[in-house]
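See structure below.
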Amino acid sequence: MNERQLANMFKDWEPIEFTPKEWKGSAILDGEAVEILQTTLDDHIIKTQTMRGSPYIEPFKEKIFDWEDTLMLTQENLTMWLEVQSTWVYLEPIFSSEDIMKQMPAESTMFREVDRAWRKLMNQCIENPSALHVIKIEGLKEMLTTAKKQLDEVSKGLNEYLESK
């Protein structure tokens, strides 16, 4: 039973895509695609955790644990991805301004670094939106973690700048 459930979960992921939509010369994840991803993740995490408690797990225990690790990492990455996306969408028009770039050179440099990484990531999604491909992009977690930290710094600098005006 567990082996068939696991195979069905793998099969469920085949049609799922990280569907990007055009946004001001770049792309962002489409809300409907995110909803499908999140619903599938939630469902499969519960199923996998239930399978872990089965007395019949032993023959495919490693596969189940590996799949659960993949699902948990995907959930972490998706959460961070959406946080980065939200902040990037907010900051992108601000840091497109030459005036702001001149007045906030350190934050502008950090934003440009994130912007390049973001555009590269979204281009990878456009080239191959398959969720099974996207969740295995090399360095994805590190890229998102770095982008979030940098965007948090940029936001902090922007808030300080705006408060001083």
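To be explicit about the labels: the chains of the structure tokens are called A, B, and onward in the order shown, and within each one the residues are counted from 1, while ligands get numbers from 1 in the order they are shown.
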Closest-contact table, stretch 54-137 of chain A side, partner stretch 145-158 of chain A, 9 Å, counting only C-alpha atoms, as a tab-separated table:
residue	atom	partner	partner_atom	distance
A:Asn77	CA	A:Thr145	CA	8.8
A:Met80	CA	A:Thr145	CA	7.3
A:Trp81	CA	A:Lys148	CA	8.5
A:Glu83	CA	A:Lys148	CA	7.4
A:Val84	CA	A:Lys148	CA	5.5
A:Thr87	CA	A:Leu151	CA	6.8
A:Trp88	CA	A:Leu151	CA	7.3
A:Leu91	CA	A:Ser155	CA	7.7
A:Met104	CA	A:Leu158	CA	8.0
A:Ala106	CA	A:Val154	CA	8.4
A:Glu107	CA	A:Val154	CA	5.0
A:Ser108	CA	A:Val154	CA	7.7
A:Met110	CA	A:Gln150	CA	6.1
A:Phe111	CA	A:Leu151	CA	6.7
A:Glu113	CA	A:Ala147	CA	8.3
A:Val114	CA	A:Ala147	CA	5.4
A:Asp115	CA	A:Ala147	CA	8.7
A:Ala117	CA	A:Ala147	CA	7.9
A:Trp118	CA	A:Ala147	CA	8.1
Kindly export the residues of the current selection with N, CA and C atoms, as a short mmCIF file (atom, residue, chain, number, x, y, z; two decimals), in the first residue's frame.
data_model
loop_
_atom_site.label_atom_id
_atom_site.label_comp_id
_atom_site.auth_asym_id
_atom_site.auth_seq_id
_atom_site.Cartn_x
_atom_site.Cartn_y
_atom_site.Cartn_z
N ASN A 77 11.40 26.46 0.73
CA ASN A 77 11.81 27.28 -0.41
C ASN A 77 10.64 28.08 -0.97
N MET A 80 9.91 31.02 1.33
CA MET A 80 10.93 32.06 1.19
C MET A 80 10.81 32.73 -0.19
N TRP A 81 10.53 31.95 -1.21
CA TRP A 81 10.38 32.46 -2.58
C TRP A 81 9.29 33.53 -2.60
N GLU A 83 8.16 35.29 -0.08
CA GLU A 83 8.60 36.46 0.67
C GLU A 83 9.54 37.32 -0.17
N VAL A 84 10.48 36.67 -0.84
CA VAL A 84 11.41 37.40 -1.72
C VAL A 84 10.62 38.07 -2.84
N THR A 87 8.73 41.21 -1.60
CA THR A 87 9.61 42.34 -1.34
C THR A 87 10.21 42.87 -2.64
N TRP A 88 10.59 41.97 -3.54
CA TRP A 88 11.15 42.38 -4.83
C TRP A 88 10.13 43.19 -5.63
N LEU A 91 9.98 46.65 -4.10
CA LEU A 91 11.18 47.47 -4.25
C LEU A 91 11.58 47.75 -5.69
N MET A 104 21.01 56.28 -2.74
CA MET A 104 21.18 55.07 -1.92
C MET A 104 22.06 54.05 -2.66
N ALA A 106 24.56 51.98 -1.80
CA ALA A 106 24.79 50.65 -1.22
C ALA A 106 23.55 49.77 -1.38
N GLU A 107 22.39 50.33 -1.08
CA GLU A 107 21.14 49.58 -1.21
C GLU A 107 20.85 49.27 -2.68
N SER A 108 21.18 50.21 -3.55
CA SER A 108 20.96 49.99 -4.99
C SER A 108 21.82 48.84 -5.50
N MET A 110 22.96 46.29 -3.70
CA MET A 110 22.36 45.05 -3.18
C MET A 110 21.11 44.68 -3.95
N PHE A 111 20.27 45.68 -4.23
CA PHE A 111 19.04 45.39 -4.97
C PHE A 111 19.37 44.85 -6.36
N GLU A 113 21.95 43.17 -7.29
CA GLU A 113 22.41 41.78 -7.16
C GLU A 113 21.22 40.83 -7.04
N VAL A 114 20.28 41.19 -6.19
CA VAL A 114 19.08 40.36 -6.03
C VAL A 114 18.28 40.33 -7.33
N ASP A 115 18.16 41.48 -7.96
CA ASP A 115 17.41 41.58 -9.21
C ASP A 115 17.98 40.64 -10.27
N ALA A 117 19.80 37.90 -9.74
CA ALA A 117 19.53 36.51 -9.31
C ALA A 117 18.06 36.15 -9.52
N TRP A 118 17.17 37.10 -9.20
CA TRP A 118 15.73 36.87 -9.37
C TRP A 118 15.39 36.62 -10.83
#
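Proximity to A:Ala33 at 8 Å, evaluated using only C-alpha atoms and with sequence-adjacent residues fewer than 3 positions away removed, yields Ile16, Glu17, Phe18, Thr19, Leu29, Asp30, Ile36 and Leu37 of chain A.
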**Q.** All strand (DSSP E or B) residues (DSSP, backbone) inside chain A, as a list in words
**A.** Glu17, Pro20, Lys21, Glu22, Trp23, Ser26, Ala27, Ile28, Leu29 and Ser130 of chain A
Q: Find the residue from A:Ala7, A:Leu144, A:Ile135, A:Cys125 that sits nearest to A:Glu22; use only C-alpha atoms when measuring.
A: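 Of A:Ala7, A:Leu144, A:Ile135, A:Cys125, the one nearest A:Glu22 is A:Cys125, counting only C-alpha atoms.
Going from atom CA of A:Ser54 to atom CA of A:Gln5 covers 12.2 Å.
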Q: Would you work out the distance separating atom CA of A:Lys24 from atom CA of A:Glu163, expressed in Å to one decimal?
A: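 Straight-line distance from atom CA of A:Lys24 to atom CA of A:Glu163 works out to 27.8 Å.
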Q: Could you check which of A:Asn128, A:Asn159, A:Met143, A:Asn123 is closest to A:Ala27, using only C-alpha atoms?
A: A:Asn123
